[in-house]
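Worksheet: the structure to be examined is printed underneath.
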Amino acid sequence: MAKPANEALMEAVNNGCLRGVKAALKAGADVDYAQRRPDNDLTGSCSSTALFHACIDGHTDIVRLLIRKGASVSKRVEATIQASPLHGAASRGHTEVVELLVRHGATLDMQDGMQATPIMAACMYKRVDTVRRLIELGARVDLTTIFGNTAQWFCEFDFVNQNCDFSRKELVGLVQEALQTKLLRCCNPSCGKPGYRSNLKLCAQCKLTRYCSRDCQKQHWTVGHKKSCGHDTCIVDGPVIEALLAPLFKLAGKLE
Ligand SMILES: [Zn+2]
Ligand SMILES: [Zn+2]
């Protein structure tokens with residue numbers, strides 16, 4: 001709607017000002033408004049929503065408000081990488097925001113443009129607490145990106161010169177333990193009952209969420225899966241990203 005209101009919304013979100021966000025929404029700002037934020041390494045110079053910005057900055061109260069006002073938890077950054085708010089929060093280690101998003105229907109194993117999942121993003125940035133919580137919530141550790149990289153690979157690889165052997169070992173331990181137990185969880189966040197692939201039923205449409213019962217599936221659908229289902233897998237043309245990113249990952253492979 002009104003352009004000034006949208007810009008006021010973004011400004012308030014970027015400043016972490018809850019009151020400003022409330023005022024902007026009241027003045028008619030679009031709750032899913034997206035804008036460029038050039039200083040951000042996750043989005044490059046591409047547009048991302050107010051919710052995405054609040055997620056990477058860890059403004060839990062603003063995230064809560066935006067979701068309550070109907071912000072989409074599955075709207076992605078308009079870039080090749082196609083990261084979702086959950087990827088953003090996970091990569092920055094904002095565990096509380098991760099929980100909020102999941103509780104409101106964000107798909108745990110949502111895939112970005114490389115088919116990387118939020119837990120991979122948390123592993124990449126060595127966010128031990130977030131990885132632990134994502135595993136507790138039932139995130140899968142056995143998925144791979146279009147380059148064949150696993151969550152464990154993201155734990156082991158020193159992407160951004162973190163030089164932190166301690167958290168790397170801890171992360172690998174967490175992921176390996178999850179791989180061994182093969183334990184998954186019911187994706188209805190108010191249930192979370194542990195189970196195995198054999199006794200949890202997959203959502204027939206997206207095949208990314210799983211449930212212990214029909215009731216749990218219905219409940220999760222109502223709290224937000226309805227909006228996320230079908231938007232939770234990679235929507236970018238694989239070969240396009242591959243061509244763009246393959247040289248980087250080949251190099252990363254050599255350095256490993
Ligand atoms: Zn359940
Ligand atoms: Zn689904």
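Labels for the structure tokens follow display order: chains A, B, ..., residues from 1 in each chain, ligands from 1.
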
Given only C-alpha atoms and all ligand atoms, how would the per-residue table for chain A near ligand 2 read, listing every residue at most 7 Å away with its closest atom pair and distance in Å to one decimal, sorted by chain and number, as JSON lines?
{"residue": "A:Cys203", "atom": "CA", "partner": "ligand 2", "partner_atom_place_in_ligand_line": "1 (Zn)", "distance": 4.7}
{"residue": "A:Ala204", "atom": "CA", "partner": "ligand 2", "partner_atom_place_in_ligand_line": "1 (Zn)", "distance": 6.6}
{"residue": "A:Gln205", "atom": "CA", "partner": "ligand 2", "partner_atom_place_in_ligand_line": "1 (Zn)", "distance": 5.0}
{"residue": "A:Cys206", "atom": "CA", "partner": "ligand 2", "partner_atom_place_in_ligand_line": "1 (Zn)", "distance": 4.0}
{"residue": "A:Lys207", "atom": "CA", "partner": "ligand 2", "partner_atom_place_in_ligand_line": "1 (Zn)", "distance": 6.1}
{"residue": "A:Leu208", "atom": "CA", "partner": "ligand 2", "partner_atom_place_in_ligand_line": "1 (Zn)", "distance": 6.3}
{"residue": "A:Thr209", "atom": "CA", "partner": "ligand 2", "partner_atom_place_in_ligand_line": "1 (Zn)", "distance": 5.9}
{"residue": "A:His225", "atom": "CA", "partner": "ligand 2", "partner_atom_place_in_ligand_line": "1 (Zn)", "distance": 6.4}
{"residue": "A:Cys229", "atom": "CA", "partner": "ligand 2", "partner_atom_place_in_ligand_line": "1 (Zn)", "distance": 4.0}
{"residue": "A:Gly230", "atom": "CA", "partner": "ligand 2", "partner_atom_place_in_ligand_line": "1 (Zn)", "distance": 6.3}

Please identify the residues whose atoms come within 7 Å of ligand 1, using only C-alpha atoms and all ligand atoms, and report them as a list in words. Cys186, Cys187, Asn188, Cys191, Gly192, Lys193, Tyr211, Cys212, Ser213 and Cys216 of chain A

Any chance you can output those residues with N, CA, C and O atoms as a PDB file, in the first residue's frame?
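Saved as selection_32.pdb:
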ATOM      1  N   CYS A 186       7.394 -35.996  15.095  1.00  0.00           N
ATOM      2  CA  CYS A 186       6.148 -35.529  14.508  1.00  0.00           C
ATOM      3  C   CYS A 186       6.282 -34.023  14.295  1.00  0.00           C
ATOM      4  O   CYS A 186       6.707 -33.298  15.196  1.00  0.00           O
ATOM      5  N   CYS A 187       5.965 -33.538  13.094  1.00  0.00           N
ATOM      6  CA  CYS A 187       6.173 -32.127  12.757  1.00  0.00           C
ATOM      7  C   CYS A 187       5.101 -31.196  13.304  1.00  0.00           C
ATOM      8  O   CYS A 187       5.175 -29.986  13.091  1.00  0.00           O
ATOM      9  N   ASN A 188       4.113 -31.736  13.985  1.00  0.00           N
ATOM     10  CA  ASN A 188       3.171 -30.863  14.672  1.00  0.00           C
ATOM     11  C   ASN A 188       3.901 -30.347  15.911  1.00  0.00           C
ATOM     12  O   ASN A 188       4.178 -31.112  16.829  1.00  0.00           O
ATOM     13  N   CYS A 191       3.140 -31.358  19.331  1.00  0.00           N
ATOM     14  CA  CYS A 191       3.257 -32.788  19.643  1.00  0.00           C
ATOM     15  C   CYS A 191       4.736 -33.157  19.727  1.00  0.00           C
ATOM     16  O   CYS A 191       5.270 -33.369  20.801  1.00  0.00           O
ATOM     17  N   GLY A 192       5.420 -33.198  18.580  1.00  0.00           N
ATOM     18  CA  GLY A 192       6.857 -33.478  18.571  1.00  0.00           C
ATOM     19  C   GLY A 192       7.217 -34.881  19.012  1.00  0.00           C
ATOM     20  O   GLY A 192       8.360 -35.167  19.369  1.00  0.00           O
ATOM     21  N   LYS A 193       6.246 -35.775  18.980  1.00  0.00           N
ATOM     22  CA  LYS A 193       6.475 -37.148  19.423  1.00  0.00           C
ATOM     23  C   LYS A 193       7.568 -37.810  18.578  1.00  0.00           C
ATOM     24  O   LYS A 193       7.544 -37.719  17.357  1.00  0.00           O
ATOM     25  N   TYR A 211       4.113 -36.928  10.393  1.00  0.00           N
ATOM     26  CA  TYR A 211       3.204 -36.868  11.542  1.00  0.00           C
ATOM     27  C   TYR A 211       2.969 -38.240  12.153  1.00  0.00           C
ATOM     28  O   TYR A 211       2.989 -39.250  11.458  1.00  0.00           O
ATOM     29  N   CYS A 212       2.686 -38.207  13.480  1.00  0.00           N
ATOM     30  CA  CYS A 212       2.410 -39.463  14.175  1.00  0.00           C
ATOM     31  C   CYS A 212       0.947 -39.870  13.996  1.00  0.00           C
ATOM     32  O   CYS A 212       0.599 -41.025  14.180  1.00  0.00           O
ATOM     33  N   SER A 213       0.096 -38.895  13.657  1.00  0.00           N
ATOM     34  CA  SER A 213      -1.323 -39.221  13.502  1.00  0.00           C
ATOM     35  C   SER A 213      -1.988 -38.239  12.544  1.00  0.00           C
ATOM     36  O   SER A 213      -1.429 -37.189  12.224  1.00  0.00           O
ATOM     37  N   CYS A 216      -2.550 -34.855  14.216  1.00  0.00           N
ATOM     38  CA  CYS A 216      -1.383 -33.973  14.227  1.00  0.00           C
ATOM     39  C   CYS A 216      -1.209 -33.298  12.872  1.00  0.00           C
ATOM     40  O   CYS A 216      -0.864 -32.124  12.794  1.00  0.00           O
TER      41      CYS A 216
END

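What separates CA of Val223 in chain A from CA of Thr107 in chain A is a distance of 11.6 Å.
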
Looking only at strand (DSSP E or B) from DSSP on the backbone, list the matching residues of range 167-212 of chain A as a ChimeraX atom specification. /A:184-185,194-195,201-202,210-211

Using only C-alpha atoms, which of A:Gly105, A:Gly148, A:Gly58, A:Gly113 sits nearest Gly93 in chain A? A:Gly58

Among range 9-238 of chain A, which ones does DSSP assign to alpha helix (DSSP H) (computed from the backbone)? Answer as a ChimeraX atom specification. /A:9-14,18-26,50-57,60-68,85-91,95-103,118-124,128-137,151-156,165-181,214-220,226-228,238

Close residues, Ile146 in chain A itself excluded, 7 Å, only C-alpha atoms, min 2 positions apart in chain, as a PyMOL selection string: chain A and resi 114-115+144+148

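Of the residues listed (A:Lys201, A:Arg76, A:Val21, A:Arg127), A:Arg76 shows the shortest atom-to-atom separation from His231 in chain A; distances use only C-alpha atoms.
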